[in-house]
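Structure file structure_22.cif (mmCIF, C-alpha atoms) is printed below.
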```
data_final
#
loop_
_atom_site.label_atom_id
_atom_site.label_comp_id
_atom_site.auth_asym_id
_atom_site.auth_seq_id
_atom_site.Cartn_x
_atom_site.Cartn_y
_atom_site.Cartn_z
CA MET A 113 162.70 -164.74 212.57
CA ALA A 114 165.77 -165.00 214.82
CA ALA A 115 167.79 -167.06 212.33
CA LEU A 116 167.05 -164.63 209.53
CA THR A 117 167.95 -161.64 211.73
CA ASP A 118 171.22 -163.26 212.79
CA ILE A 119 172.25 -163.89 209.18
CA LEU A 120 171.42 -160.35 208.06
CA SER A 121 173.41 -158.85 210.94
CA GLY A 122 176.57 -160.14 209.27
CA PHE A 123 175.93 -158.31 205.99
CA ARG A 124 176.94 -154.75 205.11
CA SER A 125 174.16 -152.31 205.87
CA VAL A 126 173.08 -149.77 203.24
CA GLY A 127 172.68 -146.45 205.04
CA SER A 128 171.95 -144.03 202.20
CA GLU A 129 169.60 -143.64 199.24
CA ARG A 130 172.34 -144.37 196.68
CA LEU A 131 174.73 -147.31 196.57
CA ARG A 132 177.43 -147.44 193.93
CA ILE A 133 179.17 -150.83 193.69
CA GLY A 134 182.33 -150.25 191.68
CA ASP A 135 185.63 -151.92 190.89
CA ASP A 136 187.03 -150.74 194.21
CA SER A 137 184.19 -152.29 196.25
CA ASP A 138 184.46 -155.48 198.23
CA ALA A 139 181.47 -157.16 196.59
CA VAL A 140 182.03 -160.57 198.17
CA GLN A 141 180.02 -159.85 201.31
CA PRO A 142 176.33 -159.15 200.57
CA PHE A 143 174.72 -155.77 201.20
CA VAL A 144 171.46 -155.47 203.14
CA ALA A 145 168.86 -152.67 203.09
CA VAL A 146 166.04 -152.68 205.66
CA ASP A 147 162.88 -150.60 205.22
CA SER A 148 164.42 -148.25 202.65
CA ALA A 149 161.87 -145.73 201.42
CA LYS A 150 164.08 -144.93 198.43
CA LEU A 151 167.17 -146.71 197.15
CA ARG A 152 169.15 -146.55 193.93
CA VAL A 153 171.77 -149.25 193.38
CA GLU A 154 174.32 -148.96 190.58
CA VAL A 155 176.58 -151.89 189.67
CA ALA A 156 179.64 -150.92 187.65
CA ALA A 157 180.67 -152.66 184.45
CA GLY A 158 181.99 -156.16 185.02
CA VAL A 159 181.27 -156.15 188.77
CA SER A 160 179.31 -158.86 190.62
CA ALA A 161 177.32 -158.10 193.77
CA ARG A 162 174.63 -159.47 196.08
CA LEU A 163 171.93 -157.47 197.84
CA VAL A 164 169.20 -158.36 200.33
CA VAL A 165 166.21 -156.03 200.69
CA VAL A 166 163.94 -156.51 203.73
CA HIS A 167 160.54 -154.90 204.31
CA GLU A 168 159.50 -155.13 207.96
CA LYS A 169 157.23 -152.08 208.31
CA PRO A 170 154.05 -151.12 206.42
CA LEU A 171 155.81 -148.52 204.30
CA ALA A 172 155.93 -147.53 200.64
CA SER A 173 159.29 -147.84 198.92
CA SER A 174 160.85 -147.07 195.56
CA LEU A 175 163.88 -149.11 194.51
CA SER A 176 165.96 -149.02 191.34
CA PHE A 177 168.80 -151.23 190.16
CA LEU A 178 171.04 -150.14 187.29
CA LEU A 179 173.43 -152.70 185.83
CA GLU A 180 176.18 -151.48 183.54
CA ARG A 181 177.77 -153.60 180.81
CA GLY A 182 178.68 -157.09 182.03
CA ALA A 183 177.52 -156.42 185.61
CA GLN A 184 175.94 -159.20 187.67
CA LEU A 185 173.52 -158.64 190.55
CA GLU A 186 171.69 -161.09 192.79
CA VAL A 187 168.80 -159.55 194.73
CA THR A 188 166.75 -161.25 197.44
CA GLU A 189 163.71 -159.26 198.54
CA VAL A 190 161.82 -160.37 201.67
CA PHE A 191 158.46 -159.01 202.80
CA LEU A 192 157.80 -159.47 206.52
CA GLY A 193 155.29 -156.60 206.77
CA GLU A 194 152.47 -155.11 204.71
CA ALA A 195 154.70 -153.04 202.46
CA PHE A 196 154.10 -151.48 199.06
CA ALA A 197 157.16 -151.55 196.80
CA GLU A 198 157.94 -150.40 193.27
CA VAL A 199 161.13 -151.91 191.86
CA ARG A 200 162.79 -150.90 188.58
CA THR A 201 165.71 -152.76 186.99
CA VAL A 202 167.58 -151.45 183.95
CA GLN A 203 170.20 -153.70 182.36
CA ALA A 204 172.92 -152.89 179.86
CA ALA A 205 174.53 -155.32 177.42
CA ASP A 206 175.84 -158.65 178.75
CA SER A 207 174.51 -157.97 182.25
CA SER A 208 172.72 -160.50 184.41
CA CYS A 209 170.21 -159.97 187.22
CA CYS A 210 168.72 -162.70 189.38
CA LEU A 211 165.85 -161.57 191.61
CA THR A 212 164.20 -163.71 194.29
CA ALA A 213 161.13 -162.26 196.05
CA VAL A 214 159.42 -163.87 199.05
CA GLN A 215 156.22 -162.43 200.53
CA LEU A 216 155.53 -163.75 204.04
CA ALA A 217 152.87 -161.10 204.75
CA GLY A 218 150.17 -159.30 202.82
CA ALA A 219 152.12 -156.95 200.54
CA ASN A 220 152.00 -155.32 197.12
CA VAL A 221 155.07 -155.28 194.87
CA SER A 222 155.51 -154.15 191.28
CA TYR A 223 158.61 -155.08 189.27
CA ARG A 224 159.60 -153.50 185.99
CA ILE A 225 162.62 -154.88 184.16
CA ASP A 226 164.09 -153.20 181.08
CA LEU A 227 166.60 -155.19 179.04
CA ASP A 228 168.30 -152.38 177.14
CA GLY A 229 171.51 -154.05 175.93
CA ALA A 230 172.15 -157.11 173.78
CA HIS A 231 172.62 -160.42 175.65
CA ALA A 232 171.21 -159.05 178.90
CA ALA A 233 169.62 -161.79 181.02
CA SER A 234 166.93 -161.61 183.69
CA ARG A 235 165.88 -164.39 186.05
CA VAL A 236 163.02 -163.84 188.52
CA GLY A 237 161.59 -166.14 191.15
CA GLY A 238 158.62 -164.98 193.23
CA LEU A 239 156.69 -166.63 196.06
CA PHE A 240 153.80 -165.38 198.19
CA LEU A 241 152.11 -167.08 201.14
CA ALA A 242 148.75 -165.54 202.00
CA ALA A 243 147.01 -166.67 205.20
CA GLU A 244 143.75 -165.78 206.94
CA SER A 245 142.50 -162.54 205.28
CA GLU A 246 145.84 -161.37 203.82
CA HIS A 247 146.07 -159.93 200.31
CA CYS A 248 149.30 -160.49 198.36
CA VAL A 249 149.99 -158.86 194.98
CA MET A 250 152.93 -159.40 192.63
CA GLU A 251 153.24 -157.61 189.30
CA LEU A 252 156.05 -158.22 186.83
CA ARG A 253 156.68 -156.44 183.54
CA THR A 254 159.72 -157.53 181.56
CA ALA A 255 160.56 -155.45 178.49
CA HIS A 256 162.84 -156.86 175.80
CA ASN A 257 163.80 -153.59 174.17
CA VAL A 258 166.68 -154.86 172.01
CA PRO A 259 167.60 -158.13 170.25
CA ASP A 260 169.27 -161.19 171.80
CA CYS A 261 168.06 -160.95 175.42
CA THR A 262 166.67 -163.66 177.69
CA SER A 263 164.23 -163.67 180.59
CA ASP A 264 162.90 -166.44 182.78
CA SER A 265 160.31 -165.95 185.54
CA LEU A 266 158.76 -168.50 187.89
CA MET A 267 156.08 -167.09 190.19
CA LYS A 268 154.36 -169.23 192.82
CA GLY A 269 151.55 -168.53 195.24
CA ILE A 270 149.93 -170.30 198.18
CA ALA A 271 146.70 -169.07 199.77
CA GLY A 272 144.62 -170.38 202.66
CA GLY A 273 141.74 -169.17 204.83
CA ASN A 274 140.02 -166.20 203.20
CA ALA A 275 143.22 -164.88 201.66
CA VAL A 276 143.60 -163.46 198.16
CA GLY A 277 146.67 -163.64 195.94
CA GLU A 278 147.26 -161.91 192.63
CA PHE A 279 149.93 -162.23 189.96
CA ARG A 280 149.91 -159.98 186.91
CA GLY A 281 152.71 -160.52 184.43
CA LEU A 282 153.62 -159.09 181.05
CA VAL A 283 156.49 -159.89 178.70
CA TYR A 284 156.90 -157.11 176.13
CA VAL A 285 159.00 -157.65 173.00
CA ALA A 286 159.75 -154.46 171.11
CA PRO A 287 159.78 -154.17 167.32
CA ASP A 288 163.06 -155.59 165.95
CA ALA A 289 163.94 -157.20 169.32
CA GLN A 290 164.71 -160.36 167.39
CA ARG A 291 165.99 -163.61 168.90
CA THR A 292 164.26 -162.87 172.20
CA ASP A 293 163.98 -165.89 174.50
CA ALA A 294 161.35 -165.31 177.22
CA ARG A 295 159.59 -167.71 179.59
CA GLN A 296 156.96 -166.80 182.20
CA GLN A 297 155.23 -169.31 184.47
CA SER A 298 152.79 -168.93 187.37
CA ARG A 299 151.97 -171.91 189.63
CA ASN A 300 149.55 -171.62 192.54
CA ILE A 301 147.98 -173.73 195.29
CA LEU A 302 144.77 -173.11 197.22
CA LEU A 303 144.57 -174.56 200.74
CA SER A 304 140.90 -173.75 201.39
CA GLU A 305 137.63 -173.37 199.50
CA THR A 306 137.42 -169.69 200.40
CA ALA A 307 140.93 -168.67 199.31
CA ARG A 308 141.42 -167.14 195.85
CA ILE A 309 144.37 -166.62 193.52
CA ASP A 310 144.17 -164.72 190.23
CA ALA A 311 147.05 -165.33 187.82
CA LYS A 312 147.28 -163.36 184.57
CA PRO A 313 150.49 -163.82 182.57
CA GLN A 314 150.52 -162.06 179.19
CA LEU A 315 152.70 -161.67 176.11
CA GLU A 316 152.93 -158.55 173.91
CA ILE A 317 155.17 -159.32 170.94
CA TYR A 318 156.12 -157.07 168.04
CA ALA A 319 159.01 -159.12 166.59
CA ASP A 320 158.80 -162.34 164.59
CA ASP A 321 162.02 -164.26 165.40
CA VAL A 322 161.34 -165.03 169.06
CA LYS A 323 160.86 -167.90 171.51
CA CYS A 324 158.25 -166.86 174.08
CA SER A 325 156.04 -168.92 176.37
CA HIS A 326 153.75 -168.30 179.30
CA GLY A 327 151.33 -170.28 181.43
CA ALA A 328 149.43 -170.33 184.71
CA THR A 329 147.82 -172.95 186.94
CA VAL A 330 145.71 -172.68 190.09
CA GLY A 331 144.87 -175.91 191.88
CA GLN A 332 144.71 -177.92 195.06
CA MET A 333 147.41 -179.95 196.75
CA ASP A 334 148.39 -183.27 195.18
CA ALA A 335 146.07 -185.74 196.92
CA GLU A 336 147.91 -188.80 195.58
CA ALA A 337 151.25 -187.54 196.86
CA ILE A 338 149.77 -186.84 200.29
CA LEU A 339 148.22 -190.33 200.39
CA TYR A 340 151.57 -191.86 199.43
CA MET A 341 153.34 -190.05 202.28
CA ARG A 342 150.63 -190.95 204.79
CA GLN A 343 150.96 -194.61 203.86
CA ARG A 344 154.58 -194.32 204.96
CA GLY A 345 153.71 -193.11 208.43
CA LEU A 346 153.47 -189.34 208.08
CA SER A 347 150.55 -187.44 209.55
CA LEU A 348 148.30 -185.35 207.32
CA ALA A 349 149.92 -182.17 208.65
CA GLN A 350 153.43 -183.50 208.01
CA ALA A 351 152.52 -184.61 204.49
CA ARG A 352 150.97 -181.22 203.65
CA ARG A 353 154.00 -179.41 205.03
CA LEU A 354 156.48 -181.49 203.01
CA GLN A 355 154.54 -180.92 199.81
CA ILE A 356 154.34 -177.18 200.37
CA GLU A 357 158.02 -176.94 201.28
CA GLY A 358 158.92 -178.73 198.06
CA PHE A 359 156.65 -176.41 196.08
CA ALA A 360 158.09 -173.27 197.69
CA GLY A 361 161.68 -174.50 197.62
CA ASP A 362 161.85 -174.20 193.81
CA VAL A 363 161.71 -170.43 194.26
CA VAL A 364 163.34 -169.83 197.64
CA ARG A 365 166.44 -171.83 196.83
CA ARG A 366 167.06 -169.63 193.79
CA CYS A 367 168.48 -167.22 196.35
CA GLY A 368 172.23 -167.06 195.77
CA ILE A 369 173.08 -166.94 199.50
CA GLY A 370 172.91 -170.46 200.88
CA GLU A 371 172.37 -169.70 204.56
CA LEU A 372 169.78 -167.06 203.75
CA GLY A 373 167.86 -169.50 201.58
CA GLU A 374 167.72 -172.02 204.41
CA ALA A 375 166.53 -169.36 206.87
CA LEU A 376 163.80 -168.35 204.43
CA MET A 377 162.68 -171.97 204.13
CA GLU A 378 162.38 -172.10 207.92
CA ALA A 379 160.30 -168.91 207.80
CA VAL A 380 158.08 -170.46 205.13
CA ALA A 381 157.55 -173.52 207.34
CA ARG A 382 156.55 -171.32 210.28
CA LYS A 383 154.17 -169.37 208.07
CA MET A 384 152.60 -172.62 206.94
CA GLU A 385 151.62 -173.37 210.53
CA THR A 386 149.17 -170.44 210.33
CA MET A 387 147.57 -171.54 207.07
#
```
If you took the structure in this file and wrote it as structure tokens, what would it be?
Amino acid sequence: MAALTDILSGFRSVGSERLRIGDDSDAVQPFVAVDSAKLRVEVAAGVSARLVVVHEKPLASSLSFLLERGAQLEVTEVFLGEAFAEVRTVQAADSSCCLTAVQLAGANVSYRIDLDGAHAASRVGGLFLAAESEHCVMELRTAHNVPDCTSDSLMKGIAGGNAVGEFRGLVYVAPDAQRTDARQQSRNILLSETARIDAKPQLEIYADDVKCSHGATVGQMDAEAILYMRQRGLSLAQARRLQIEGFAGDVVRRCGIGELGEALMEAVARKMETM
């Protein structure tokens, strides 16, 4: 993880339980929080910021992100240890939050997103890689509490050995939250006959003028694509790795920090060597 550590060392460390990012903050350089047991991040109206959250130790944590009107926040959350995290995001009108979560170890994370102001937008990308006997859990509840909000989630999982992966998702649309636009997808790959992934996306809708969709797939690797690559001189291991990197890259490269995204892809490739 040397490349990842080197990149994070250049970010601004969060040393307290509360971080207020206001008009007077230099929000160009990303913030980083490592193994925070409790953290509340507030982004002032009209301000844009980037935050990286890293879990290295097997600890429980409680995180909350509050976005005021027109605020924009990009969060990248990386699990390198068996952590348990509860994450709450509350968004005011015209705010935007992009969250990218990558689990490289058995971990349990629960996200709750409340869209409380008109034209708030949420975008979530999640990826877990479960090897050997690891158990990865991702939960996501997105609540459209007012009209005219959008949400888009893409959750992906890869499991090998005797590992278990779980995704539980819910999109809630409140009464009178008209013109909601919500999409939730879960895509998963099993690398062995003994691995298991359970994917359960759900919709709970109490308004009638909405566009909502959800879906889930659990399958094997694309045998035809692997055969195609092998016919062009790649080994089976190389072909498998390229396919998995392409599958994972859809999520990892949502990260808004280019060099961090590349370091995470390298970490994914190293993890794949154990699966």
### Task
Fewer than 4 positions away in the same chain doesn't count, so skip those; otherwise give me all residues within 12 Å of Thr254 of chain A, counting all atoms listed in the file, as a PyMOL selection string.
chain A and resi 199-203+222-228+232-236+261-265+280-286+292-296+313-317
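Using only C-alpha atoms, the nearest neighbour of Val190 of chain A within the list A:Gly373, A:Gly277, A:Leu178, A:Gln355 is A:Gly373.
Shortest separation to Gln184 of chain A among A:Val221, A:Cys209, A:Ile338, A:Val380 occurs at residue A:Cys209, atoms counted being all atoms listed in the file.
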### Task
Tell me, in Å to one decimal, how far atom CA of Asp118 of chain A is from atom CA of Val364 of chain A.
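Atom CA of Val364 of chain A lies 18.3 Å from atom CA of Asp118 of chain A.
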Selection result for the PyMOL selection byres ((chain A and resi 304) around 9) on this file, as a PDB file with C-alpha atoms, in the frame of the given file:
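The resulting file, selection-v3.pdb, is reproduced below:
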```
ATOM      1  CA  ALA A 271     146.700-169.070 199.770  1.00  0.00           C
ATOM      2  CA  GLY A 272     144.620-170.380 202.660  1.00  0.00           C
ATOM      3  CA  GLY A 273     141.740-169.170 204.830  1.00  0.00           C
ATOM      4  CA  ASN A 274     140.020-166.200 203.200  1.00  0.00           C
ATOM      5  CA  LEU A 302     144.770-173.110 197.220  1.00  0.00           C
ATOM      6  CA  LEU A 303     144.570-174.560 200.740  1.00  0.00           C
ATOM      7  CA  GLU A 305     137.630-173.370 199.500  1.00  0.00           C
ATOM      8  CA  THR A 306     137.420-169.690 200.400  1.00  0.00           C
ATOM      9  CA  ALA A 307     140.930-168.670 199.310  1.00  0.00           C
ATOM     10  CA  ARG A 308     141.420-167.140 195.850  1.00  0.00           C
ATOM     11  CA  GLN A 332     144.710-177.920 195.060  1.00  0.00           C
TER      12      GLN A 332
END
```
### Task
Taking the file as shown, find all residues satisfying the PyMOL selection byres ((chain A and resi 145) around 7) and write them as number ranges by chain.
A: 125-126, 143-144, 146-148, 164-166
### Message
I'd like to see the residues matched by the PyMOL selection byres ((chain A and resi 239) around 8) on this file, and ideally I'd get them as a PyMOL selection string.
### Response
chain A and resi 213-215+237-238+240-241+267-270+360+363-364
### Residue list as number ranges by chain for point (175.5, -146.6, 197.4), cut-off 12 Å, only C-alpha atoms
A: 124-134, 137, 143-145, 150-156, 163, 176-178
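The point (162.7, -164.4, 168.4) has these residues within 6 Å of it when all atoms listed in the file are used: Gln290, Arg291, Thr292, Asp320, Asp321, Val322 and Lys323 of chain A.
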### Query
From the set A:Ala172, A:Gly158, A:Asp334, A:Tyr318, which residue has the shortest atom-to-atom contact distance to Val258 of chain A, counting all atoms listed in the file?
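Residue with the minimum atom-to-atom distance to Val258 of chain A: A:Tyr318.
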#### Entry: Separation of atom CA of Ala157 of chain A from atom CA of Leu179 of chain A, in Å and rounded to one decimal
7.4 Å
### Task
Rank A:Cys248, A:Ala319, A:Ala349, A:Val159 by their smallest atom-to-atom distance to Asp135 of chain A, using all atoms listed in the file, and report the top residue only.
A:Val159
Taking all listed atoms of segment 149-165 of chain A, build the axis-aligned box, pad each of the six sides by 8 Å, then write its centre and edge lengths in Å to one decimal as lines of an AutoDock Vina configuration file.
```
center_x = 171.9
center_y = -152.2
center_z = 192.9
size_x = 36.1
size_y = 30.5
size_z = 33.0
```
### Residue with smallest distance to Ala204 of chain A - pool A:Leu354, A:Ala230, A:Ala375, A:Ala149, counting all atoms listed in the file
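Checking each candidate against Ala204 of chain A, we get A:Ala230 as the closest.
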Could I see segment 145-156 of chain A restored to all heavy atoms, set down as a compact mmCIF listing (two decimals), in the coordinates of the input?
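Done, and the output landed in part.txt:
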```txt
# COMPACT_ATOMS: atom_id res chain seq x y z
N ALA A 145 169.61 -153.92 202.89
CA ALA A 145 168.86 -152.67 203.09
C ALA A 145 167.53 -153.04 203.76
O ALA A 145 166.80 -153.90 203.27
CB ALA A 145 168.61 -151.97 201.76
N VAL A 146 167.24 -152.38 204.89
CA VAL A 146 166.04 -152.68 205.66
C VAL A 146 165.12 -151.46 205.67
O VAL A 146 165.56 -150.37 206.05
CB VAL A 146 166.38 -153.11 207.10
CG1 VAL A 146 165.11 -153.40 207.89
CG2 VAL A 146 167.30 -154.32 207.09
N ASP A 147 163.90 -151.65 205.21
CA ASP A 147 162.88 -150.60 205.22
C ASP A 147 163.37 -149.31 204.56
O ASP A 147 163.20 -148.20 205.11
CB ASP A 147 162.40 -150.32 206.65
CG ASP A 147 161.57 -151.46 207.20
OD1 ASP A 147 160.84 -152.09 206.41
OD2 ASP A 147 161.65 -151.72 208.41
N SER A 148 163.97 -149.43 203.40
CA SER A 148 164.42 -148.25 202.65
C SER A 148 163.25 -147.65 201.88
O SER A 148 162.63 -148.33 201.05
CB SER A 148 165.54 -148.63 201.67
OG SER A 148 166.69 -149.07 202.35
N ALA A 149 162.95 -146.39 202.15
CA ALA A 149 161.87 -145.73 201.42
C ALA A 149 162.27 -145.45 199.97
O ALA A 149 161.44 -145.48 199.07
CB ALA A 149 161.48 -144.43 202.12
N LYS A 150 163.57 -145.20 199.77
CA LYS A 150 164.08 -144.93 198.43
C LYS A 150 165.52 -145.41 198.36
O LYS A 150 166.33 -145.12 199.23
CB LYS A 150 164.02 -143.43 198.12
CG LYS A 150 164.38 -143.06 196.69
CD LYS A 150 164.18 -141.58 196.45
CE LYS A 150 164.48 -141.21 195.00
NZ LYS A 150 164.29 -139.76 194.75
N LEU A 151 165.81 -146.17 197.30
CA LEU A 151 167.17 -146.71 197.15
C LEU A 151 167.48 -146.89 195.68
O LEU A 151 166.70 -147.46 194.92
CB LEU A 151 167.29 -148.06 197.87
CG LEU A 151 168.63 -148.77 197.74
CD1 LEU A 151 169.76 -147.94 198.35
CD2 LEU A 151 168.56 -150.16 198.39
N ARG A 152 168.64 -146.38 195.29
CA ARG A 152 169.15 -146.55 193.93
C ARG A 152 170.49 -147.29 194.02
O ARG A 152 171.42 -146.81 194.70
CB ARG A 152 169.34 -145.18 193.26
CG ARG A 152 170.00 -145.23 191.86
CD ARG A 152 170.28 -143.82 191.38
NE ARG A 152 171.03 -143.78 190.14
CZ ARG A 152 170.50 -143.65 188.93
NH1 ARG A 152 169.18 -143.55 188.81
NH2 ARG A 152 171.26 -143.61 187.85
N VAL A 153 170.56 -148.43 193.36
CA VAL A 153 171.77 -149.25 193.38
C VAL A 153 172.35 -149.30 191.98
O VAL A 153 171.65 -149.65 191.02
CB VAL A 153 171.47 -150.68 193.87
CG1 VAL A 153 172.74 -151.54 193.83
CG2 VAL A 153 170.89 -150.66 195.28
N GLU A 154 173.63 -148.93 191.87
CA GLU A 154 174.32 -148.96 190.58
C GLU A 154 175.47 -149.97 190.67
O GLU A 154 176.28 -149.91 191.60
CB GLU A 154 174.88 -147.58 190.25
CG GLU A 154 173.82 -146.48 190.20
CD GLU A 154 174.45 -145.09 190.15
OE1 GLU A 154 175.69 -145.00 190.16
OE2 GLU A 154 173.68 -144.11 190.11
N VAL A 155 175.52 -150.89 189.71
CA VAL A 155 176.58 -151.89 189.67
C VAL A 155 177.45 -151.59 188.46
O VAL A 155 176.98 -151.58 187.32
CB VAL A 155 176.02 -153.31 189.59
CG1 VAL A 155 177.15 -154.33 189.70
CG2 VAL A 155 174.99 -153.55 190.71
N ALA A 156 178.72 -151.32 188.71
CA ALA A 156 179.64 -150.92 187.65
C ALA A 156 179.90 -152.06 186.67
O ALA A 156 179.66 -153.23 186.96
CB ALA A 156 180.96 -150.44 188.26
```
